[in-house]
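**Student:** Take a look at the following structure, please.
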Amino acid sequence: MPAVSKGDGMRGLAVFISDIRNCKSKEAEIKRINKELANIRSKFKGDKALDGYSKKKYVCKLLFIFLLGHDIDFGHMEAVNLLSSNKYTEKQIGYLFISVLVNSNSELIRLINNAIKNDLASRNPTFMCLALHCIANVGSREMGEAFAADIPRILVAGDSMDSVKQSAALCLLRLYKASPDLVPMGEWTARVVHLLNDQHMGVVTAAVSLITCLCKKNPDDFKTCISLAVSRLSRIVSSASTDLQDYTYYFVPAPWLSVKLLRLLQCYPPPEDAAVKGRLVECLETVLNKAQEPPKSKKVQHSNAKNAILFETISLIIHYDSEPNLLVRACNQLGQFLQHRETNLRYLALESMCTLASSEFSHEAVKTHIDTVINALKTERDVSVRQRAADLLYAMCDRSNAKQIVSEMLRYLETADYAIREEIVLKVAILAEKYAVDYSWYVDTILNLIRIAGDYVSEEVWYRVLQIVTNRDDVQGYAAKTVFEALQAPACHENMVKVGGYILGEFGNLIAGDPRSSPPVQFSLLHSKFHLCSVATRALLLSTYIKFINLFPETKATIQGVLRAGSQLRNADVELQQRAVEYLTLSSVASTDVLATVLEEMPPFPERESSILAKLKRKKGPGAGSALDDGRRDPSSNDINGGVEPTPSTVSTPSPSADLLGLRAAPPPAAPPATSGAGNLLVDVFSDGPAAQPSLGPAPEEAFLSELEPPAPESPMALLADPAPAADPGPEDIGPPIPEADELLNKFVCKNNGVLFENQLLQIGVKSEFRQNLGRMYLFYGNKTSVQFQNFLPTVVHPGDLQTQLAVQTKRVAAQVDGGAQVQQVLNIECLRDFLTPPLLSVRFRYGGAPQSLTLKLPVTINKFFQPTEMAAQDFFQRWKQLSLPQQEAQKIFKANHPMDAEVTKAKLLGFGSALLDNVDPNPENFVGAGIIQTKALQVGCLLRLEPNAQAQMYRLTLRTSKEPVSRHLCELLAQQF
Amino acid sequence: MIQAILVFNNHGKPRLVRFYQRFPEEIQQQIVRETFHLVLKRDDNICNFLEGGSLIGGPDYKLIYRHYATLYFVFCVDSSESELGILDLIQVFVETLDKCFENVCELDLIFHMDKGGLSAAPARAVSAVKNINLPEIPRNINIGDLNIKVPNLSQFV
């Protein structure tokens with residue numbers, strides 16, 4: 001035992017420790033400790049005043065006993081006494097005891113603070129440092145309150161020693177991190193910046209740490225640090241390895257200070273001053289050049305230090321994202337590291353490249369490394385490295401390599417570590433959707449996903465595939481065929497049964513022509529899985545069966561038999577039992593027509609952010625999805641695949657408000673807690689999650705059977721008898737629309753659902769449907785804050801003579817909106833005659849006492865009342881000629897604002913409301929459409945022709961209608977969409 | 001910023017634990033256990049970085065570790081630290097301990113907590129190194145009465 005034999009002054013302590021160590025049993029140890037505690041207690045209580053040395057010794061023993069895990073309830077006072085000793089060793093033990101055993105005993109805290117104050121004022125650098133270390137080690141709020149104001153003074157005082165300045169900077173940093181509000185900003189901040197010029201490298205390093213933290217809150221106060229940091233960095237980088245002597249670490253001059261300076265610069269945009277910027281670029285180039293030099297030492301420390309600077313340099317280059325030349329060099333450098341034999345470097349290179357991939361300058365350069373990255377995914381031994389490789393593949397994916405990357409990730413999934421499977425599944429699902437060129441590939445990919453990793457396919461993923469299949473009629477047949485084939489596998493995952501059940505229930509008729517997938521075959525295939533499934537899936541399958549009765553009347557008897565079976569009608573699960581009973585009755589009592597209406601194909605889902613993306617963001621924290629989110633490098637993608645455009649079918653869409661059983665007197669209140677698991681299943685198909693948009697989806701039963709009541713457009717309109725509700729204030733009461741109002745309105749010309757407006761407080765969502773000259777709109781006001789809105793008053797106003805053209809009837813909403821809650825407002829709209837300006841929506845409320853008001857344009861434009869009209873080519877040309885008066889035609893030639901994709905254009909024209917006529921225009925590139933605008937007073941026939949010119953990136957749009965203003969207005973509206 | 005320094009042996013027994021962020025003792029123990037399970041299943045000679053466990057703050061924090069014979073040295077840091085820098089700090093830290101105890105081994109950490117009357121010498125050594133924020137090779141480390149000379153650092157691994 002060397003410590004005992006050395007006996008450096010405190011022999012009693014050494015003996016005590018040695019005794020403890022020689023104890024044979026726990027009991028013996030406790031006995032020895034109790035004996036010692038009694039001894040110390042008597043010494044402390046004794047009459048004889050103890051000298052400093054004894055106090056130190058006993059306090060040390062107490063500390064040792066405490067560290068062995070025993071409670072210490074005395075001796076604090078003696079420790080505090082040690083603080084005022086003049087001997088370094090005694091003072092230091094006192095501080096040690098305080099740091100380890102401090103509690104908020106008010107009496108003692110005052111004494112301790114006093115001692116610390118004395119030391120801070122002592123001008124003895126060792127004592128000052130001890131005191132500063134103690135403050136930093138305790139780092140509590142109380143310490144902050146007592147000393148936060150003193151430390152800046154010490155830090156910038158001209159006569160402070162270097163070591164004190166260094167400790168003061170770090171101590172201040174610690175207090176600032178613990179409680180930022182306690183550190184007063186003031187004129188000292190300017191002087192802290194100048195510490196970057198200090199002679200002493202230790203002071204500079206400590207100051208950089210402090211400034212990096214402070215400048216995040218107040219970037220402007222510390223702006224001057226940029227040029228100082230650049231010049232410091234440049235001096236270090238260009239120095240020879242012998243210049244900095246003590247600070248040269250394995251031949252690298254001051255590596256950790258360089259790293260910190262580069263970090264600090266990442267808090268700011270590139271320097272504006274050309275000279276500073278030039279100098280910095282020079283530095284960065286020097287670092288990149290040095291990376292190519294042969295190593296000066298074989299030691300790992302040398303390469304670590306050098307590479308730490310290199311990686312920080314690359315991060316800074318990526319952060320600036322403005323020097324294409326440097327970005328490409330950085331990318332090449334990282335490319336070298338991807339193949340490095342050091343795993344750590346491969347890991348860091350993959351991580352840095354991930355951020356590099358989102359820069360438009362280097363995206364292509366990153367893509368050249370795809371094979372290396374795929375290889376890393378396959379062969380790396382280390383799961384953290386593989387995960388980085390998967391992240392990078394996700395970040396570098398774009399339309400050109402999506403198929404390759406997705407198939408590689410799918411292959412990897414089969415052997416992937418369990419920990420990261422779910423994330424990979426989400427990523428594959430997102431990439432497949434975002435870059436799907438043809439949707440059959442998308443369907444294949446997702447079904448593969450379920451097959452390979454069914455357990456990790458979360459609900460969001462399979463909801464999404466259903467949403468997309470429902471919204472895109474071109475893929476429905478293929479999807480039905482594919483799921484049918486997938487279900488034939490002897491063992492298939494329950495998620496596959498869910499997807500299969502839903503899709504066949506909706507679109508099984510599309511493949512019923514093939515005898516191999518005739519209705520009875522489809523049914524028996526699904527039913528063979530029924531008994532193996534959970535309650536939720538069975539509930540879904542029951543709904544599929546009732547849909548089958550509608551799709552395939554020949555299966556009715558079989559299915560009724562299944563529903564009638566005791567195992568269903570008397571099922572212990574109430575959800576299953578209810579479905580069985582209701583569906584059986586429905587199938588027996590309702591006529592074919594009613595059944596067809598009730599069980600009609602689901603309407604397209606409203607467009608919204610992909611729920612999968614939302615889930616990935618939740619999983620990875622904010623910013624994780626951003627690599628994919630920002631459409632900067634691939635602007636087209638957002639339009640095509642960012643969200644699926646609903647393609648309105650020509651048949652009437654069922655009204656979500658139709659009330660099947662009279663159960664729903666009022667719209668569901670905001671955020672109804674999900675009831676049973678099974679009920680949830682269907683609700684969630686409609687909404688992203690219970691919390692996301694709670695009142696968008698009707699209750700489950702109603703959703704599935706939303707149209708028992710035959711469509712009766714007249715009935716709701718009885719409400720419209722009074723076209724101008726008294727509640728409407730005059731237009732003079734409201735402010736002008738916000739500047740973005742027109743832009744927001746434009747987003748809704750071709751679609752009916754989405755988010756109309758969003759700021760920090762409020763989100764306004766819209767869901768609307770129009771039929772003939774009538775419309776109904778649901779506005780969802782979501783309070784994004786946690787504070788209640790008061791006097792909440794949304795009103796609709798008709799400027800000018802709009803009142804005679806459009807009748808909008810609103811229902812009142814509650815005047816209070818709780819934090820996080822959402823209220824719904826229903827608007828009934830009737831188009832009386834053609835109109836040009838949309839009504840205004842004014843929203844006023846009080847938020848935290850401050851009145852807020854906001855005026856938007858309500859997304860009601862004349863084209864909403866379009867009735868598509870199909871006609872043959874010769875009819876079209878005949879009508880086209882009839883409308884040949886110059887004022888009946890409006891034409892516009894304009895440049896394409898979005899990529900020219902025929903599918904997108906089609907979707908937009910359909911969304912606009914007109915029918916699309918094939919084989920009319922001799923040039924197949926052109927689009928021709930026809931429709932009638934329905935108003936109460938008159939009908940306006942419209943013909944349109946859109947001629948894209950892909951070479952010139954231009955369009956020519958021609959509108960002919962029987963009314964001149966309508967032609968012009970429609971032309972303007974539509975031209976802004978391309 | 002360094003959030004925590006954890007040193008434990010191959011069986012997960014903590015040998016030195018220092019948190020620079022306040023956690024209740026119970027959570028501290030859970031963090032040690034979680035971290036132990038995260039690093040234990042990793043082979044030697046693979047990369048020294050991994051994402052933090054859920055208790056310490058998840059993927060926003062990184063665990064940077066080295067494994068020496070029977071001891072794991074794990075540093076938990078936030079995104080403001082250079083990974084390679086911390087890796088080097090661990091090296092320096094262990095080398096310092098080595099100088100302190102002539103030939104550092106697990107037993108030294110357990111039994112020599114008292115050295116020079118400093119019950120928490122290793123922790124203080126760390127704070128000392130951390131306090132100077134890695135500007136230099138710690139040629140002179142003053143830990144209390146101990147004056148450690150670190151003349152020429154030898155290759156440790």
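Following the order of the structure tokens, chains are lettered A, B, ..., residues in each are numbered from 1, and ligands are numbered from 1.
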Using only C-alpha atoms, which residues sit within 12 Å of Pro851 in chain A once same-chain residues fewer than 5 positions away are excluded, as a ChimeraX atom specification?
**Tutor:** /A:789-793,843-846
**Student:** Need to verify the contact set: Thr35 in chain B, 12 Å, only C-alpha atoms, exclusion of same-chain residues closer than 5 positions in sequence. Can you return it as JSON, numbers by chain?
**Tutor:** {"B": [4, 5, 6, 7, 8, 9, 12, 13, 14, 17, 27, 28, 29, 30, 40, 41, 42, 50, 51, 52, 53, 54, 55, 56, 57, 58, 62, 63, 64, 65, 72, 73, 74, 75, 76]}
**Student:** Could you write out as a PyMOL selection string the residues of chain A within 7 Å of chain B, counting only C-alpha atoms?
**Tutor:** chain A and resi 3+8+60+64+170+202+205-206+246-247+249+254+256-257+301+304-305+308+343-344+382+384
**Student:** At a cut-off of 9 Å, using only C-alpha atoms, what residues contact range 135-149 of chain A? Leave out same-chain residues fewer than 4 positions from it and give the result as a PyMOL selection string.
**Tutor:** (chain A and resi 98-100+102+104+109+113+116-117+130-131+153+167+170-176+178-179+182-184) or (chain B and resi 20+127)
**Student:** Could you save the residues just selected, with N, CA, C and O atoms, as an mmCIF file, in the first residue's frame?
**Tutor:**
```cif
data_model
loop_
_atom_site.group_PDB
_atom_site.id
_atom_site.type_symbol
_atom_site.label_atom_id
_atom_site.label_comp_id
_atom_site.auth_asym_id
_atom_site.auth_seq_id
_atom_site.Cartn_x
_atom_site.Cartn_y
_atom_site.Cartn_z
ATOM 1 N N ILE A 98 -16.883 21.257 0.699
ATOM 2 C CA ILE A 98 -18.056 22.048 0.331
ATOM 3 C C ILE A 98 -18.611 21.603 -1.021
ATOM 4 O O ILE A 98 -19.811 21.434 -1.204
ATOM 5 N N SER A 99 -17.687 21.388 -1.986
ATOM 6 C CA SER A 99 -18.150 21.018 -3.328
ATOM 7 C C SER A 99 -18.864 19.676 -3.318
ATOM 8 O O SER A 99 -19.798 19.455 -4.068
ATOM 9 N N VAL A 100 -18.376 18.759 -2.470
ATOM 10 C CA VAL A 100 -18.962 17.422 -2.485
ATOM 11 C C VAL A 100 -20.223 17.367 -1.643
ATOM 12 O O VAL A 100 -21.206 16.731 -2.006
ATOM 13 N N VAL A 102 -22.212 20.005 -0.335
ATOM 14 C CA VAL A 102 -22.953 21.241 -0.090
ATOM 15 C C VAL A 102 -24.433 20.935 -0.009
ATOM 16 O O VAL A 102 -24.948 20.083 -0.713
ATOM 17 N N SER A 104 -28.351 23.124 1.056
ATOM 18 C CA SER A 104 -28.822 24.512 1.107
ATOM 19 C C SER A 104 -29.159 24.932 2.532
ATOM 20 O O SER A 104 -30.173 25.552 2.779
ATOM 21 N N ILE A 109 -24.625 28.529 4.069
ATOM 22 C CA ILE A 109 -24.455 29.129 2.745
ATOM 23 C C ILE A 109 -23.953 30.559 2.892
ATOM 24 O O ILE A 109 -23.067 31.010 2.162
ATOM 25 N N ASN A 113 -20.508 31.668 1.325
ATOM 26 C CA ASN A 113 -20.450 32.757 0.357
ATOM 27 C C ASN A 113 -19.504 33.854 0.809
ATOM 28 O O ASN A 113 -18.785 34.443 0.008
ATOM 29 N N ILE A 116 -16.013 32.710 0.162
ATOM 30 C CA ILE A 116 -15.705 32.777 -1.273
ATOM 31 C C ILE A 116 -15.468 34.228 -1.673
ATOM 32 O O ILE A 116 -14.525 34.553 -2.395
ATOM 33 N N LYS A 117 -16.314 35.102 -1.191
ATOM 34 C CA LYS A 117 -16.174 36.532 -1.515
ATOM 35 C C LYS A 117 -14.795 37.032 -1.103
ATOM 36 O O LYS A 117 -14.136 37.749 -1.871
ATOM 37 N N LEU A 130 -9.247 28.809 -6.604
ATOM 38 C CA LEU A 130 -9.956 27.838 -5.777
ATOM 39 C C LEU A 130 -11.416 28.239 -5.626
ATOM 40 O O LEU A 130 -12.333 27.418 -5.764
ATOM 41 N N ALA A 131 -11.629 29.518 -5.342
ATOM 42 C CA ALA A 131 -13.000 29.995 -5.139
ATOM 43 C C ALA A 131 -13.807 29.850 -6.433
ATOM 44 O O ALA A 131 -14.952 29.388 -6.413
ATOM 45 N N ARG A 153 -16.481 40.990 -13.874
ATOM 46 C CA ARG A 153 -15.526 42.032 -13.484
ATOM 47 C C ARG A 153 -14.117 41.452 -13.386
ATOM 48 O O ARG A 153 -13.151 42.005 -13.924
ATOM 49 N N SER A 167 -9.980 30.671 -15.397
ATOM 50 C CA SER A 167 -10.970 30.068 -14.515
ATOM 51 C C SER A 167 -12.246 30.889 -14.491
ATOM 52 O O SER A 167 -13.348 30.334 -14.461
ATOM 53 N N LEU A 170 -14.408 30.183 -17.572
ATOM 54 C CA LEU A 170 -15.092 28.892 -17.536
ATOM 55 C C LEU A 170 -16.162 28.855 -16.453
ATOM 56 O O LEU A 170 -17.210 28.246 -16.624
ATOM 57 N N CYS A 171 -15.880 29.548 -15.350
ATOM 58 C CA CYS A 171 -16.859 29.602 -14.270
ATOM 59 C C CYS A 171 -18.106 30.346 -14.744
ATOM 60 O O CYS A 171 -19.239 29.919 -14.510
ATOM 61 N N LEU A 172 -17.893 31.441 -15.453
ATOM 62 C CA LEU A 172 -19.014 32.215 -15.970
ATOM 63 C C LEU A 172 -19.818 31.378 -16.966
ATOM 64 O O LEU A 172 -21.047 31.394 -16.976
ATOM 65 N N LEU A 173 -19.101 30.638 -17.786
ATOM 66 C CA LEU A 173 -19.762 29.766 -18.765
ATOM 67 C C LEU A 173 -20.663 28.768 -18.052
ATOM 68 O O LEU A 173 -21.816 28.543 -18.429
ATOM 69 N N ARG A 174 -20.152 28.210 -16.974
ATOM 70 C CA ARG A 174 -20.918 27.226 -16.214
ATOM 71 C C ARG A 174 -22.185 27.854 -15.630
ATOM 72 O O ARG A 174 -23.272 27.305 -15.742
ATOM 73 N N LEU A 175 -22.027 29.030 -15.040
ATOM 74 C CA LEU A 175 -23.186 29.693 -14.444
ATOM 75 C C LEU A 175 -24.187 30.093 -15.521
ATOM 76 O O LEU A 175 -25.398 29.974 -15.346
ATOM 77 N N TYR A 176 -23.665 30.547 -16.652
ATOM 78 C CA TYR A 176 -24.560 30.964 -17.731
ATOM 79 C C TYR A 176 -25.367 29.779 -18.245
ATOM 80 O O TYR A 176 -26.561 29.891 -18.513
ATOM 81 N N ALA A 178 -26.176 27.158 -16.518
ATOM 82 C CA ALA A 178 -27.113 26.720 -15.493
ATOM 83 C C ALA A 178 -28.309 27.669 -15.414
ATOM 84 O O ALA A 178 -29.449 27.240 -15.393
ATOM 85 N N SER A 179 -28.055 28.962 -15.382
ATOM 86 C CA SER A 179 -29.167 29.916 -15.309
ATOM 87 C C SER A 179 -28.802 31.191 -16.063
ATOM 88 O O SER A 179 -28.240 32.116 -15.468
ATOM 89 N N LEU A 182 -29.301 34.930 -14.929
ATOM 90 C CA LEU A 182 -28.587 35.554 -13.811
ATOM 91 C C LEU A 182 -27.343 36.314 -14.256
ATOM 92 O O LEU A 182 -26.805 37.120 -13.505
ATOM 93 N N VAL A 183 -26.865 36.019 -15.463
ATOM 94 C CA VAL A 183 -25.628 36.670 -15.896
ATOM 95 C C VAL A 183 -25.975 37.972 -16.602
ATOM 96 O O VAL A 183 -26.616 37.957 -17.641
ATOM 97 N N PRO A 184 -25.599 39.093 -16.023
ATOM 98 C CA PRO A 184 -25.979 40.366 -16.624
ATOM 99 C C PRO A 184 -25.088 40.670 -17.828
ATOM 100 O O PRO A 184 -23.877 40.506 -17.776
ATOM 101 N N TYR B 20 -22.032 16.474 -14.939
ATOM 102 C CA TYR B 20 -21.941 17.931 -14.942
ATOM 103 C C TYR B 20 -23.309 18.548 -15.160
ATOM 104 O O TYR B 20 -23.449 19.699 -15.505
ATOM 105 N N SER B 127 -11.537 17.364 -13.985
ATOM 106 C CA SER B 127 -11.977 18.752 -14.035
ATOM 107 C C SER B 127 -10.817 19.641 -14.421
ATOM 108 O O SER B 127 -10.993 20.619 -15.134
#
```
**Student:** Can you tell me which residues surround Thr935 in chain A at a distance of at most 6 Å, considering only C-alpha atoms, apart from same-chain residues fewer than 3 positions away, and format the answer as a compact mmCIF listing (two decimals) with N, CA and C atoms, in the first residue's frame?
**Tutor:**
```
# COMPACT_ATOMS: atom_id res chain seq x y z
N ASN A 773 -74.31 24.69 -57.69
CA ASN A 773 -74.02 26.06 -57.26
C ASN A 773 -73.93 26.16 -55.74
N CYS A 831 -73.78 30.06 -54.71
CA CYS A 831 -73.35 31.00 -55.73
C CYS A 831 -74.59 31.52 -56.44
N LEU A 832 -74.87 32.79 -56.31
CA LEU A 832 -76.08 33.35 -56.89
C LEU A 832 -75.85 33.72 -58.35
N ARG A 833 -74.74 34.37 -58.64
CA ARG A 833 -74.36 34.65 -60.02
C ARG A 833 -72.84 34.70 -60.09
N LEU A 938 -77.73 31.91 -63.47
CA LEU A 938 -77.44 31.51 -64.84
C LEU A 938 -76.34 30.47 -64.86
N GLN A 939 -76.16 29.88 -66.02
CA GLN A 939 -75.08 28.92 -66.19
C GLN A 939 -74.15 29.46 -67.25
```
